[in-house]
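Visitor: Before I ask anything, let me first share the structure, which is written out below as structure tokens.
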There are 2 protein chains.
Amino acid sequence: MIDFGAETLILTHDAMAEGVHYLAGQDPADVAWKLVASNLSDLAAKGAEPLGVLLGYQLGADDARFVAGLGEVLAHYNVPLLGGDTISATGAQVLGLTALGRATHRPVPSRSGAQAGDTLWLTGPVGAAMLGFEALKASNGDSLAYRRPTALLAEGRALAPVVSAMMDVSDGLLLDARRMAEASQVTIDIDTQAVPIATPEARRDEALRWGDDYQLLFALASGTSPTITAHRIGRVLPQGPAPLLLDGAEPSGTLGYEHR
Amino acid sequence: MIDFGAETLILTHDAMAEGVHYLAGQDPADVAWKLVASNLSDLAAKGAEPLGVLLGYQLGADDARFVAGLGEVLAHYNVPLLGGDTISATGAQVLGLTALGRATHRPVPSRSGAQAGDTLWLTGPVGAAMLGFEALKASNGDSLAYRRPTALLAEGRALAPVVSAMMDVSDGLLLDARRMAEASQVTIDIDTQAVPIATPEARRDEALRWGDDYQLLFALASGTSPTITAHRIGRVLPQGPAPLLLDGAEPSGTLGYEHR
């Protein structure tokens, strides 16, 4: 984030590696889509309007497919490719994308602004990407939610003026909620039954821990209503011994996958 | 390049791969330096003042050394790290850096503005990085010019108001001069004896073809003098059959190394 003239610029950079962030052998067009959408999702969480992207591209198995997917996702979000670099190297493919956006509301929402007394909200269901991933691996069923995630740009812009904190849920709801709590120096208590899920009820615990859904998680001051349809999933408490509570109790086991 | 209110923003992205752009086993502090300096050199060629960088970092053999070198180069150029992403992957390390700058002069210099009748100039000698590379491989002698190149930011800013075209010489003087000629739809004729070189005279041909020196190559309208000390190395002609001439004749053989 950088003030520039009368504007505030938002910059994000995400890197993705074959075999870590996407499957070796996955359609490069889908990889391009996800690379762009995940960065635009970071802009969405800041209430920013995208201005363009720069790509660091390592040549891979099917560069034409990558370029096709890149064209699709940039057209879908109406975002220009401003520049970048193409290199050739051995080993797993590594891709990087920088996205540049313009803040539409200041102060720019951050993950560190949640206050005790706030309510906690989520824009939509989690677990869809998990089901999509399973469908892709099994070559059976609808894998779109995993392959072509949606960056909630309009939602982020609508919410920016009213939230006390906001972030996108890319690494799993519980892990990211804990990050918000830690950044805000509060405790977040999630009402697990209130979280909308895209999976059968039996897989609720997994859906809360899986990533790649790119929903927006946000906090609102008591008495403030969300400016778009959203789901109230918990509350913000004064900082206690644990940053995250599930239904009032400290969670046991893993919260999600902490890939780097 | 993007206009933003009263300002123009310059964005560059360079990626580097182990074994291609730097030696496997090279000091990661030097790799960090070169990654930053090469991007800042792109800003220098646009007459831009750096505002910050974003790093896409793949974990490597000695991350602490990389971070140390990154700190050194950012402090040297007084440029903040605005953000980035760190990932883990197999295979050759791949690094990406986005640099963001503010244009200090408009129109922003580009490689496409050279005009027939212009004179052609270079800020300083080429071949120093070649000698540095050889010293590094031999573990004998001064390798600084290869390991820690200089981005000519002050020079680029001083030249921006007077040049008709400008670019940095990162891939070798001849290759980059041809690119300027092609982008400008002119022919460039280089007076090879006038090119300042850091090597013995016997290696002049190599010095003109080696990269990594990051000197600035620029064109000036006839009668215009450079605003800093520089070397006049040729002239710009109307577009002929060959984009690049050496002492009036079409060059034979390779112009440089075209790694991607």
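Naming works like this for the structure tokens: A, B, ... for the chains as they're shown, residue 1 at the start of each chain, ligands 1 onward in shown order.
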Could the residues of chain B within 8 Å of chain A, counting only C-alpha atoms, be given as a ChimeraX atom specification, please?

Guide: /B:1,4-7,11-20,54-57,82-92,94,96,98,259-260

Visitor: What's the 8 Å shell around region 117-121 of chain A, counting only C-alpha atoms, without same-chain residues fewer than 3 positions away, as a PyMOL selection string?

Guide: chain A and resi 114+190+217-222+230-238

Visitor: Just C-alpha atoms for this one: save the residues we selected as a short mmCIF file (atom, residue, chain, number, x, y, z; two decimals), in the first residue's frame.

Guide:
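The file below, again.cif, is the result:
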```cif
data_model
loop_
_atom_site.label_atom_id
_atom_site.label_comp_id
_atom_site.auth_asym_id
_atom_site.auth_seq_id
_atom_site.Cartn_x
_atom_site.Cartn_y
_atom_site.Cartn_z
CA ALA A 114 -11.11 -6.02 14.32
CA ILE A 190 -16.59 -18.74 15.47
CA LEU A 217 -14.06 -12.64 6.05
CA PHE A 218 -14.89 -9.37 7.76
CA ALA A 219 -15.73 -7.76 11.06
CA LEU A 220 -18.42 -5.13 11.65
CA ALA A 221 -18.89 -2.85 14.60
CA SER A 222 -21.86 -3.82 16.75
CA ALA A 230 -23.40 -12.18 4.01
CA HIS A 231 -23.45 -14.70 6.82
CA ARG A 232 -22.84 -13.88 10.44
CA ILE A 233 -20.46 -16.55 11.72
CA GLY A 234 -19.10 -15.31 15.03
CA ARG A 235 -17.95 -12.48 17.21
CA VAL A 236 -14.86 -10.63 18.29
CA LEU A 237 -13.84 -10.80 21.94
CA PRO A 238 -11.14 -9.06 23.96
#
```

Visitor: Give me, as JSON, numbers by chain, all polymer residues having an atom no more than 8 Å from His105 (chain A), counting only C-alpha atoms and skipping those fewer than 6 positions away in the same chain.

Guide: {"A": [47, 48, 157, 160, 161]}

Visitor: In region 37-241 of chain B, what's strand (DSSP E) per DSSP? Answer as a VMD selection string?

Guide: chain B and resid 48 to 58 81 to 87 94 to 103 119 to 122 163 to 169 186 to 190 215 to 220 231 to 238

Visitor: Extract, using only C-alpha atoms, all DNA, RNA and protein residues at most 9 Å from region 209-216 of chain A, discarding same-chain residues fewer than 2 positions from it, and format them as a PyMOL selection string.

Guide: chain A and resi 37-38+41-42+44-45+121-130+145-146+149-152+155-156+166-175+204-207+218+254-257
